[in-house]
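Participant: Compact mmCIF, C-alpha atoms, file run-v2.txt:
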# COMPACT_ATOMS: atom_id res chain seq x y z
CA MET Y 90 -16.97 -59.72 13.64
CA LEU Y 91 -13.31 -60.62 13.97
CA THR Y 92 -11.19 -59.18 11.15
CA GLY Y 93 -7.72 -59.98 9.87
CA PRO Y 94 -6.04 -56.88 11.35
CA THR Y 95 -7.64 -57.43 14.79
CA TRP Y 96 -6.64 -61.10 14.82
CA SER Y 97 -3.12 -60.23 13.69
CA LYS Y 98 -2.64 -57.55 16.36
CA LYS Y 99 -3.63 -59.70 19.32
CA LEU Y 100 -1.36 -62.53 18.18
CA ARG Y 101 1.57 -60.24 17.52
CA ASP Y 102 1.15 -58.48 20.86
CA GLU Y 103 1.25 -61.82 22.66
CA ILE Y 104 4.25 -63.13 20.71
CA ALA Y 105 6.10 -59.87 21.44
CA LYS Y 106 6.31 -60.95 25.08
CA THR Y 107 8.99 -63.49 24.12
CA VAL Y 108 10.21 -62.39 20.68
CA ILE Y 109 11.62 -58.90 20.17
CA GLY Y 110 11.54 -57.61 16.61
CA GLN Y 111 11.03 -59.87 13.57
CA ASP Y 112 7.74 -58.10 12.83
CA ALA Y 113 7.89 -58.86 9.11
CA ILE Y 114 8.60 -62.56 9.74
CA ILE Y 115 5.70 -62.81 12.19
CA GLU Y 116 3.34 -61.25 9.65
CA ARG Y 117 4.47 -63.77 7.02
CA LEU Y 118 3.81 -66.63 9.43
CA LEU Y 119 0.28 -65.33 9.91
CA VAL Y 120 -0.08 -65.10 6.13
CA ALA Y 121 0.80 -68.78 5.88
CA LEU Y 122 -1.75 -69.66 8.57
CA LEU Y 123 -4.52 -67.85 6.71
CA ALA Y 124 -3.45 -69.28 3.34
CA ASN Y 125 -3.26 -72.83 4.72
CA GLY Y 126 0.40 -73.18 3.77
CA HIS Y 127 3.65 -74.40 5.28
CA VAL Y 128 6.75 -72.30 6.02
CA LEU Y 129 10.50 -72.87 5.77
CA LEU Y 130 12.54 -70.60 8.07
CA GLU Y 131 16.22 -70.19 7.27
CA GLY Y 132 18.67 -68.27 9.39
CA MET Y 133 21.82 -68.35 11.44
CA PRO Y 134 21.83 -70.07 14.86
CA GLY Y 135 20.54 -68.02 17.77
CA LEU Y 136 17.99 -65.92 15.88
CA ALA Y 137 15.02 -67.33 17.83
CA LYS Y 138 13.52 -69.33 14.94
CA THR Y 139 12.42 -72.15 17.25
CA LEU Y 140 11.20 -69.74 19.94
CA LEU Y 141 9.22 -67.81 17.35
CA VAL Y 142 7.30 -70.85 16.09
CA LYS Y 143 6.76 -72.18 19.60
CA SER Y 144 5.42 -68.80 20.74
CA LEU Y 145 3.10 -68.69 17.73
CA GLY Y 146 1.69 -72.11 18.61
CA THR Y 147 1.06 -71.05 22.21
CA ALA Y 148 -0.55 -67.74 21.28
CA LEU Y 149 -2.68 -69.39 18.64
CA GLY Y 150 -4.00 -71.87 21.20
CA VAL Y 151 -3.49 -75.01 19.10
CA GLN Y 152 -1.74 -78.32 19.75
CA PHE Y 153 1.99 -77.83 19.16
CA GLU Y 154 4.64 -80.50 18.63
CA ARG Y 155 8.35 -80.07 18.06
CA VAL Y 156 10.46 -82.68 16.26
CA GLN Y 157 14.22 -82.27 16.47
CA PHE Y 158 15.52 -83.68 13.19
CA THR Y 159 18.73 -85.70 13.50
CA PRO Y 160 20.60 -88.10 11.17
CA ASP Y 161 19.34 -91.16 13.10
CA LEU Y 162 15.66 -90.14 13.00
CA LEU Y 163 13.27 -92.66 11.44
CA PRO Y 164 10.04 -91.98 9.51
CA SER Y 165 8.09 -93.80 12.22
CA ASP Y 166 9.43 -91.28 14.75
CA VAL Y 167 7.50 -88.60 12.87
CA VAL Y 168 4.32 -90.20 11.53
CA GLY Y 169 3.95 -93.12 13.96
CA THR Y 170 3.93 -96.90 13.67
CA MET Y 171 1.92 -100.02 14.42
CA VAL Y 172 2.19 -101.24 18.02
CA PHE Y 173 1.27 -104.71 19.25
CA GLN Y 174 -1.29 -104.78 22.09
CA PRO Y 175 -0.75 -107.91 24.26
CA LYS Y 176 -4.21 -107.68 25.83
CA THR Y 177 -6.05 -107.87 22.53
CA GLY Y 178 -3.43 -109.66 20.44
CA GLU Y 179 -3.82 -107.05 17.73
CA PHE Y 180 -1.78 -104.24 16.26
CA SER Y 181 -2.97 -100.67 16.65
CA ALA Y 182 -1.72 -97.44 15.14
CA HIS Y 183 0.46 -95.35 17.44
CA ARG Y 184 0.29 -91.78 16.17
CA GLY Y 185 3.48 -89.74 15.98
CA PRO Y 186 4.03 -86.04 16.63
CA ILE Y 187 2.81 -85.19 13.12
CA PHE Y 188 -0.73 -85.44 14.53
CA ALA Y 189 -0.76 -81.89 15.82
CA ASN Y 190 -2.09 -78.59 14.54
CA LEU Y 191 1.32 -76.94 14.37
CA VAL Y 192 4.41 -79.09 13.85
CA LEU Y 193 7.89 -77.59 14.18
CA ALA Y 194 10.43 -79.56 12.12
CA ASP Y 195 13.56 -78.21 13.75
CA GLU Y 196 16.69 -78.31 11.57
CA ILE Y 197 14.87 -80.28 8.90
CA ASN Y 198 17.98 -80.61 6.73
CA ARG Y 199 19.68 -82.78 9.37
CA ALA Y 200 17.38 -85.74 8.75
CA PRO Y 201 17.91 -88.24 5.90
CA ALA Y 202 15.76 -88.37 2.79
CA LYS Y 203 13.42 -91.06 4.14
CA VAL Y 204 12.36 -88.86 7.02
CA GLN Y 205 12.04 -85.78 4.84
CA SER Y 206 9.86 -87.68 2.37
CA ALA Y 207 7.64 -88.85 5.23
CA LEU Y 208 6.46 -85.25 5.46
CA LEU Y 209 5.41 -85.11 1.79
CA GLU Y 210 2.06 -86.84 2.13
CA ALA Y 211 1.30 -85.01 5.35
CA MET Y 212 2.10 -81.57 3.92
CA GLN Y 213 0.33 -82.07 0.62
CA GLU Y 214 -2.60 -84.35 1.44
CA HIS Y 215 -3.04 -83.57 5.17
CA GLN Y 216 -3.06 -87.29 5.88
CA VAL Y 217 -0.56 -90.06 6.67
CA THR Y 218 -0.47 -93.79 6.10
CA ILE Y 219 0.34 -96.10 9.01
CA GLY Y 220 0.24 -99.86 8.59
CA GLY Y 221 -1.70 -99.63 5.34
CA GLY Y 222 -4.39 -97.40 6.87
CA THR Y 223 -4.94 -93.73 6.08
CA HIS Y 224 -5.28 -91.35 9.00
CA PRO Y 225 -6.42 -87.73 8.49
CA LEU Y 226 -4.51 -84.99 10.26
CA PRO Y 227 -6.26 -82.45 12.48
CA ARG Y 228 -7.54 -79.14 11.15
CA PRO Y 229 -5.89 -76.73 10.96
CA PHE Y 230 -2.53 -78.36 10.17
CA PHE Y 231 0.78 -76.63 9.48
CA VAL Y 232 4.43 -77.61 9.19
CA MET Y 233 6.96 -74.92 10.02
CA ALA Y 234 10.52 -76.07 9.43
CA THR Y 235 13.85 -74.44 10.27
CA GLN Y 236 17.25 -74.90 8.73
CA ASN Y 237 20.75 -73.49 9.16
CA PRO Y 238 22.28 -72.11 5.93
CA VAL Y 239 25.95 -72.32 6.97
CA GLU Y 240 26.57 -75.76 8.47
CA GLN Y 241 26.69 -78.32 5.66
CA GLU Y 242 28.51 -81.20 7.35
CA GLY Y 243 26.09 -83.93 8.36
CA THR Y 244 23.15 -82.33 6.58
CA TYR Y 245 20.84 -83.50 3.79
CA PRO Y 246 19.75 -80.61 1.53
CA LEU Y 247 16.03 -80.61 0.84
CA PRO Y 248 15.18 -81.73 -2.71
CA GLU Y 249 13.18 -79.44 -4.97
CA ALA Y 250 10.06 -81.60 -4.60
CA GLN Y 251 10.17 -80.99 -0.86
CA THR Y 252 10.88 -77.26 -0.86
CA ASP Y 253 8.17 -76.60 -3.44
CA ARG Y 254 5.59 -77.77 -0.92
CA PHE Y 255 6.40 -74.88 1.40
CA LEU Y 256 4.21 -71.87 0.70
CA LEU Y 257 6.90 -69.45 1.90
CA LYS Y 258 10.62 -69.52 2.52
CA LEU Y 259 11.52 -66.82 5.03
CA LEU Y 260 15.04 -65.55 5.66
CA VAL Y 261 15.50 -64.65 9.32
CA ASP Y 262 18.06 -61.85 9.70
CA TYR Y 263 19.92 -60.40 12.66
CA PRO Y 264 18.03 -57.98 14.90
CA SER Y 265 18.76 -54.27 14.85
CA ALA Y 266 21.02 -52.69 17.46
CA ASP Y 267 18.03 -51.32 19.38
CA GLU Y 268 16.28 -54.71 19.35
CA GLU Y 269 19.40 -56.52 20.51
CA SER Y 270 19.84 -53.95 23.28
CA ALA Y 271 16.24 -54.55 24.37
CA MET Y 272 16.98 -58.29 24.51
CA MET Y 273 19.88 -57.73 26.89
CA GLN Y 274 17.78 -55.49 29.11
CA ARG Y 275 14.95 -58.00 29.23
CA TRP Y 276 16.93 -61.22 29.66
CA GLY Y 277 20.27 -60.08 31.03
CA GLN Y 278 19.24 -60.15 34.71
CA VAL Y 279 16.49 -62.73 35.00
CA ALA Y 280 16.92 -66.18 33.44
CA ARG Y 281 13.28 -66.94 32.81
CA GLN Y 282 10.79 -66.81 29.97
CA PRO Y 283 7.48 -64.98 30.34
CA GLU Y 284 4.35 -67.08 30.27
CA LEU Y 285 2.30 -66.78 27.10
CA SER Y 286 -1.45 -67.26 27.02
CA PRO Y 287 -3.64 -68.47 24.16
CA VAL Y 288 -5.36 -65.48 22.57
CA SER Y 289 -6.91 -67.30 19.62
CA SER Y 290 -7.91 -70.81 18.56
CA GLY Y 291 -7.91 -73.12 15.61
CA GLU Y 292 -11.63 -72.57 15.19
CA GLU Y 293 -11.08 -68.81 15.05
CA LEU Y 294 -8.41 -69.25 12.40
CA LEU Y 295 -10.68 -71.45 10.28
CA ALA Y 296 -13.47 -68.88 10.64
CA LEU Y 297 -11.20 -66.23 9.09
CA ARG Y 298 -10.54 -68.29 5.96
CA PRO Y 299 -13.75 -67.16 4.19
CA GLN Y 300 -12.56 -63.55 4.55
CA VAL Y 301 -9.40 -64.49 2.67
CA ASP Y 302 -11.44 -66.18 -0.05
CA ALA Y 303 -13.57 -63.03 -0.34
CA VAL Y 304 -10.56 -60.83 -1.22
CA HIS Y 305 -11.07 -59.66 -4.81
CA VAL Y 306 -8.35 -60.25 -7.40
CA ALA Y 307 -8.84 -58.29 -10.62
CA PRO Y 308 -8.07 -60.07 -13.91
CA ALA Y 309 -5.20 -57.66 -14.54
CA VAL Y 310 -3.63 -58.48 -11.17
CA GLN Y 311 -4.03 -62.19 -11.84
CA ALA Y 312 -2.29 -61.69 -15.18
CA TYR Y 313 0.46 -59.78 -13.33
CA ILE Y 314 1.01 -62.75 -11.01
CA LEU Y 315 1.32 -65.05 -14.01
CA SER Y 316 3.76 -62.71 -15.71
CA LEU Y 317 6.08 -62.74 -12.67
CA VAL Y 318 6.04 -66.53 -12.37
CA ARG Y 319 6.44 -67.13 -16.10
CA ALA Y 320 9.33 -64.66 -16.23
CA THR Y 321 11.32 -67.00 -13.96
CA ARG Y 322 10.87 -69.71 -16.59
CA ALA Y 323 12.11 -67.32 -19.25
CA LEU Y 324 15.38 -67.01 -17.32
CA ALA Y 325 15.69 -70.79 -17.51
CA GLY Y 326 14.83 -70.88 -21.20
CA HIS Y 327 11.48 -72.65 -20.71
CA ALA Y 328 8.98 -69.85 -21.39
CA ASP Y 329 7.40 -68.39 -24.51
CA GLY Y 330 8.38 -65.09 -26.11
CA GLN Y 331 5.85 -63.14 -24.03
CA ALA Y 332 8.08 -63.33 -20.96
CA GLY Y 333 11.34 -63.14 -22.88
CA ALA Y 334 11.85 -59.44 -22.19
CA ALA Y 335 12.39 -60.16 -18.51
CA ALA Y 336 15.17 -62.58 -19.41
CA ASP Y 337 16.91 -59.93 -21.56
CA ASP Y 338 17.00 -57.51 -18.62
CA ALA Y 339 18.11 -60.05 -16.01
CA PRO Y 340 21.27 -59.35 -13.97
CA HIS Y 341 23.62 -61.76 -15.71
CA LYS Y 342 26.67 -61.30 -17.91
CA LYS Y 343 27.23 -62.16 -21.59
CA GLY Y 344 24.12 -64.27 -22.09
CA LEU Y 345 24.64 -66.34 -18.94
CA ARG Y 346 21.59 -68.48 -18.19
CA PRO Y 347 21.02 -67.78 -14.48
CA LEU Y 348 18.39 -70.43 -13.71
CA GLU Y 349 18.29 -74.17 -14.24
CA PHE Y 350 14.53 -74.12 -13.81
CA GLY Y 351 11.82 -71.57 -13.13
CA ALA Y 352 8.89 -71.61 -10.74
CA SER Y 353 6.18 -74.24 -11.17
CA PRO Y 354 2.43 -73.60 -11.49
CA ARG Y 355 2.25 -74.22 -7.76
CA ALA Y 356 4.11 -70.90 -7.42
CA SER Y 357 1.31 -69.09 -9.25
CA LEU Y 358 -1.25 -70.56 -6.86
CA ALA Y 359 0.96 -69.78 -3.84
CA LEU Y 360 1.47 -66.16 -4.90
CA TYR Y 361 -2.26 -65.79 -5.51
CA GLN Y 362 -3.22 -67.29 -2.12
CA ALA Y 363 -0.49 -65.59 -0.10
CA GLY Y 364 -1.29 -62.24 -1.68
CA LYS Y 365 -4.95 -62.54 -0.72
CA ALA Y 366 -4.01 -63.54 2.83
CA LEU Y 367 -1.67 -60.55 3.14
CA ALA Y 368 -4.43 -58.25 1.89
CA CYS Y 369 -6.79 -59.70 4.52
CA LEU Y 370 -4.25 -59.07 7.29
CA ARG Y 371 -3.83 -55.48 6.10
CA GLY Y 372 -7.60 -54.93 6.13
CA GLN Y 373 -7.97 -54.68 2.35
CA ASP Y 374 -10.74 -56.36 0.38
CA PHE Y 375 -8.80 -56.48 -2.90
CA LEU Y 376 -5.30 -57.55 -3.92
CA THR Y 377 -3.00 -54.83 -5.24
CA PRO Y 378 0.15 -55.20 -7.37
CA ALA Y 379 2.13 -53.65 -4.49
CA LEU Y 380 1.16 -56.52 -2.18
CA VAL Y 381 2.05 -59.04 -4.89
CA GLN Y 382 5.48 -57.44 -5.21
CA GLU Y 383 5.95 -57.49 -1.44
CA ILE Y 384 5.18 -61.18 -0.98
CA ALA Y 385 6.75 -62.42 -4.24
CA PRO Y 386 10.33 -63.01 -2.95
CA ASP Y 387 9.07 -65.17 -0.06
CA VAL Y 388 6.98 -67.25 -2.47
CA LEU Y 389 9.49 -67.60 -5.30
CA ARG Y 390 13.01 -67.71 -3.83
CA HIS Y 391 12.88 -71.46 -3.08
CA ARG Y 392 11.08 -72.37 -6.29
CA VAL Y 393 13.83 -71.40 -8.71
CA GLY Y 394 17.13 -73.19 -9.24
CA LEU Y 395 20.30 -71.16 -9.75
CA THR Y 396 22.86 -72.45 -12.22
CA TYR Y 397 26.42 -73.07 -11.13
CA GLU Y 398 27.55 -70.14 -13.27
CA ALA Y 399 25.09 -67.80 -11.58
CA GLU Y 400 26.27 -68.86 -8.13
CA ALA Y 401 29.87 -68.29 -9.24
CA GLU Y 402 28.88 -64.72 -10.19
CA ASP Y 403 27.28 -64.24 -6.73
CA ILE Y 404 23.83 -63.87 -8.30
CA THR Y 405 21.07 -64.66 -5.80
CA ALA Y 406 17.50 -65.75 -6.33
CA ASP Y 407 16.29 -62.58 -4.57
CA ALA Y 408 18.30 -60.41 -6.98
CA LEU Y 409 16.73 -62.14 -9.98
CA ILE Y 410 13.23 -61.81 -8.51
CA ALA Y 411 13.84 -58.11 -7.83
CA GLN Y 412 14.89 -57.63 -11.46
CA ILE Y 413 11.79 -59.45 -12.70
CA ILE Y 414 9.55 -57.25 -10.54
CA GLU Y 415 11.31 -54.11 -11.75
CA ARG Y 416 10.99 -55.03 -15.43
CA SER Y 417 7.44 -56.43 -15.44
CA PRO Y 418 4.69 -53.94 -16.38
CA ILE Y 419 2.46 -53.05 -13.42
CA PRO Y 420 -1.34 -53.07 -13.95
CA SER Y 421 -2.96 -49.67 -13.87
CA GLU Y 422 -5.19 -48.49 -11.03
CA ALA Y 423 -8.18 -48.92 -13.34
CA SER Y 424 -7.65 -52.69 -13.25
CA ARG Y 425 -9.37 -52.94 -9.85
Show how you would write the structure in this file as C-alpha cells.
Facilitator:
Amino acid sequence: MLTGPTWSKKLRDEIAKTVIGQDAIIERLLVALLANGHVLLEGMPGLAKTLLVKSLGTALGVQFERVQFTPDLLPSDVVGTMVFQPKTGEFSAHRGPIFANLVLADEINRAPAKVQSALLEAMQEHQVTIGGGTHPLPRPFFVMATQNPVEQEGTYPLPEAQTDRFLLKLLVDYPSADEESAMMQRWGQVARQPELSPVSSGEELLALRPQVDAVHVAPAVQAYILSLVRATRALAGHADGQAGAAADDAPHKKGLRPLEFGASPRASLALYQAGKALACLRGQDFLTPALVQEIAPDVLRHRVGLTYEAEAEDITADALIAQIIERSPIPSEASR
C-alpha cells in the first residue's frame, strides 16, 4: 500500500530535477495537497516560485493551468463566460483556466479586486457560476498563488477574506551558497530544462486522503491547537482570560497592542488538518505537539493583522507566533 513518505519521496525526487533546494517549501506544498488546501507563496523575484508549482503539477500528473494576473485581467478570463454558438443559436458556457486540477495564480496581487474575488467561490466551494449556472470543478482542485512582497506600485493587496482562504502562506527564501553554486553548474552551460515525468496521479492523491483522516489527534493536542489560535486573539484583545497570559508575554513595549485581529476559527481547522497531513507525510499515525509547532507559522502568519504601531516597532507576525508557541504549555507525552 502506498504511504505518505513513499509518495512524498517520489514526488520530491522528480521535482529535484528542476528545482534545487527548497525542501521545506516542497514538503509544505505536499501537506496542502493532502489537506485539500490552497497555498500562497511569497518571495522575491527569481526564486523559482512559478517553476516550483509548475514542476509539482507535472510530477503529480494532473491538469495544470497558469494564469498570469495583470491589472487588465477580467473575471471571465479566469472562470469563463457564455459564448454564442451561431450554429445552434444558443449560448454555451466556455470554461476558463480555473477548470484544472492545479491552478497557478501568478502574481495574484497584480489583479484588481473583481478578479481576486472571482477565486473566492472556486477556492471555498470548489465550484463556479457562469451565466447563472453552477459548474463543479474537477477533483482534486488546488489554487497555488504567488506574490512579490517588495513591488507595491500597480498592485492590489489581497483582502483578509481572500488570504484566510489559503491553508498556508509560505515564505520562499534565497537558496544557500551551495545550492546556488549547484544551480550555476547545472544551468550555466546548457540553456535547457530537463523533462519531468508524471510519477503520481490525482487518483493516487485522493486515495491517500483516508490515511490523513486516520491520523490520531489526542484531546490534549487538540486543546493545544486551540490554545495557540486563541492566544492570537488575546493579543488583539478579543479573547477570554484563559489565553491572556500569552498576551502578557508578547514581544511588545509598554502595553502596545500588536494585533488588530487574531486568527479565525478557520485557523484552528487549518492547523488541525495541516498537522495531520504533515504527520502522514512523516510516517506517523498520531499528531504531536512538535509537528503542530512546526506547521503553526505557515498556518497563522497570514491570519493575523498587525497594528500600525507593531509594524513601526518592526514586530512581525512570525515573531509573535514564536512567542505564543514559547509561552503556551505543551501537552505531556501521556496525552497520546
Participant: Taking all atoms listed in the file into account, name the residue in Y:Arg275, Y:Arg322, Y:Lys365, Y:Lys106 that is nearest to Asp302 (chain Y).
Facilitator: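 When distances to Asp302 (chain Y) are compared using all atoms listed in the file, the smallest one comes from Y:Lys365.
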Participant: At a cut-off of 12 Å, can you tabulate as a Markdown table every residue of region 251-322 of chain Y near region 139-147 of chain Y together with its closest atom pair and the distance in Å to one decimal, using all atoms listed in the file and ordering rows by chain then number?
Facilitator:
| residue | atom | partner | partner_atom | distance |
| --- | --- | --- | --- | --- |
| Y:Val261 | CA | Y:Leu141 | CA | 10.7 |
| Y:Gln282 | CA | Y:Leu140 | CA | 10.5 |
| Y:Pro283 | CA | Y:Ser144 | CA | 10.5 |
| Y:Glu284 | CA | Y:Thr147 | CA | 9.6 |
| Y:Leu285 | CA | Y:Thr147 | CA | 6.6 |
| Y:Ser286 | CA | Y:Thr147 | CA | 6.6 |
| Y:Pro287 | CA | Y:Thr147 | CA | 5.7 |
| Y:Val288 | CA | Y:Thr147 | CA | 8.5 |
| Y:Ser289 | CA | Y:Thr147 | CA | 9.2 |
| Y:Ser290 | CA | Y:Thr147 | CA | 9.7 |
| Y:Gly291 | CA | Y:Gly146 | CA | 10.1 |
Participant: Record the distance separating CA of Leu259 (chain Y) and CA of Asp387 (chain Y), expressed in Å with one decimal.
Facilitator: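 Computing the Euclidean distance for CA of Leu259 (chain Y) and CA of Asp387 (chain Y) yields 5.9 Å.
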Participant: May I ask for the distance between CA of Arg390 (chain Y) and CA of Leu360 (chain Y), given in Å to one decimal place?
Facilitator: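 Rounded to one decimal, the two atoms are 11.7 Å apart.
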Participant: Grab the CA of Ile109 (chain Y) to CA of Thr159 (chain Y) distance for me, in Å with one decimal place.
Facilitator: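 About the pair CA of Ile109 (chain Y) and CA of Thr159 (chain Y): they are 28.5 Å apart.
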Participant: May I ask which of the residues Y:Arg371, Y:Lys99, Y:Arg184, Y:Arg228 is the closest one to Val151 (chain Y), counting all atoms listed in the file?
Facilitator: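 Ranking Y:Arg371, Y:Lys99, Y:Arg184, Y:Arg228 by distance to Val151 (chain Y), first place goes to Y:Arg228.
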Participant: Of the candidates Y:Leu100, Y:Ala124, Y:Val381, Y:Leu247, which shows the shortest atom-to-atom distance to Pro299 (chain Y), using all atoms listed in the file?
Facilitator: Y:Ala124
Participant: Find the residue from Y:Leu129, Y:Thr244, Y:Ile115, Y:Ala137 that sits nearest to Ser97 (chain Y); use only C-alpha atoms when measuring.
Facilitator: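 Smallest distance to Ser97 (chain Y) is found for Y:Ile115.
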Participant: Show which residues sit within 12 Å of Arg254 (chain Y), as a VMD selection string. Count all atoms listed in the file, and ignore same-chain residues fewer than 2 positions away.
Facilitator: chain Y and resid 125 to 129 205 to 206 208 to 214 231 to 234 247 to 252 256 to 258 353 to 356 358 to 359 388 to 389 391 to 392
Participant: Could you write out the selected residues, including C-alpha atoms, as a short mmCIF file (atom, residue, chain, number, x, y, z; two decimals), in the coordinates of the input?
Facilitator:
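The resulting file, selection04.cif, is reproduced below:
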data_model
loop_
_atom_site.label_atom_id
_atom_site.label_comp_id
_atom_site.auth_asym_id
_atom_site.auth_seq_id
_atom_site.Cartn_x
_atom_site.Cartn_y
_atom_site.Cartn_z
CA ASN Y 125 -3.26 -72.83 4.72
CA GLY Y 126 0.40 -73.18 3.77
CA HIS Y 127 3.65 -74.40 5.28
CA VAL Y 128 6.75 -72.30 6.02
CA LEU Y 129 10.50 -72.87 5.77
CA GLN Y 205 12.04 -85.78 4.84
CA SER Y 206 9.86 -87.68 2.37
CA LEU Y 208 6.46 -85.25 5.46
CA LEU Y 209 5.41 -85.11 1.79
CA GLU Y 210 2.06 -86.84 2.13
CA ALA Y 211 1.30 -85.01 5.35
CA MET Y 212 2.10 -81.57 3.92
CA GLN Y 213 0.33 -82.07 0.62
CA GLU Y 214 -2.60 -84.35 1.44
CA PHE Y 231 0.78 -76.63 9.48
CA VAL Y 232 4.43 -77.61 9.19
CA MET Y 233 6.96 -74.92 10.02
CA ALA Y 234 10.52 -76.07 9.43
CA LEU Y 247 16.03 -80.61 0.84
CA PRO Y 248 15.18 -81.73 -2.71
CA GLU Y 249 13.18 -79.44 -4.97
CA ALA Y 250 10.06 -81.60 -4.60
CA GLN Y 251 10.17 -80.99 -0.86
CA THR Y 252 10.88 -77.26 -0.86
CA LEU Y 256 4.21 -71.87 0.70
CA LEU Y 257 6.90 -69.45 1.90
CA LYS Y 258 10.62 -69.52 2.52
CA SER Y 353 6.18 -74.24 -11.17
CA PRO Y 354 2.43 -73.60 -11.49
CA ARG Y 355 2.25 -74.22 -7.76
CA ALA Y 356 4.11 -70.90 -7.42
CA LEU Y 358 -1.25 -70.56 -6.86
CA ALA Y 359 0.96 -69.78 -3.84
CA VAL Y 388 6.98 -67.25 -2.47
CA LEU Y 389 9.49 -67.60 -5.30
CA HIS Y 391 12.88 -71.46 -3.08
CA ARG Y 392 11.08 -72.37 -6.29
#
Participant: Using all atoms listed in the file, can you tell me which of Y:Ile114, Y:Ile219, Y:Leu294, Y:Ala309 comes closest to Ile384 (chain Y)?
Facilitator: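 Among the listed residues, Y:Ile114 lies closest to Ile384 (chain Y).
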Participant: Ranking Y:Val393, Y:Met273, Y:Leu297, Y:Leu130 by minimum distance to Gly93 (chain Y) and counting all atoms listed in the file, which one comes first?
Facilitator: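 Under the stated criterion, the closest residue is Y:Leu297.
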Participant: Skipping near chain neighbours, those fewer than 6 positions away, what residues fall within 9 Å of Arg346 (chain Y) using all atoms listed in the file, listed as a list in words?
Facilitator: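 Non-adjacent residues within range: Leu324, Ala325, Gly326, Ala336, Leu395, Thr396, Glu398 and Ala399 of chain Y.
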Participant: Can those selected residues be exported to a file as a compact mmCIF listing (two decimals), keeping the file's coordinate frame so that it contains C-alpha atoms?
Facilitator:
# COMPACT_ATOMS: atom_id res chain seq x y z
CA LEU Y 324 15.38 -67.01 -17.32
CA ALA Y 325 15.69 -70.79 -17.51
CA GLY Y 326 14.83 -70.88 -21.20
CA ALA Y 336 15.17 -62.58 -19.41
CA LEU Y 395 20.30 -71.16 -9.75
CA THR Y 396 22.86 -72.45 -12.22
CA GLU Y 398 27.55 -70.14 -13.27
CA ALA Y 399 25.09 -67.80 -11.58
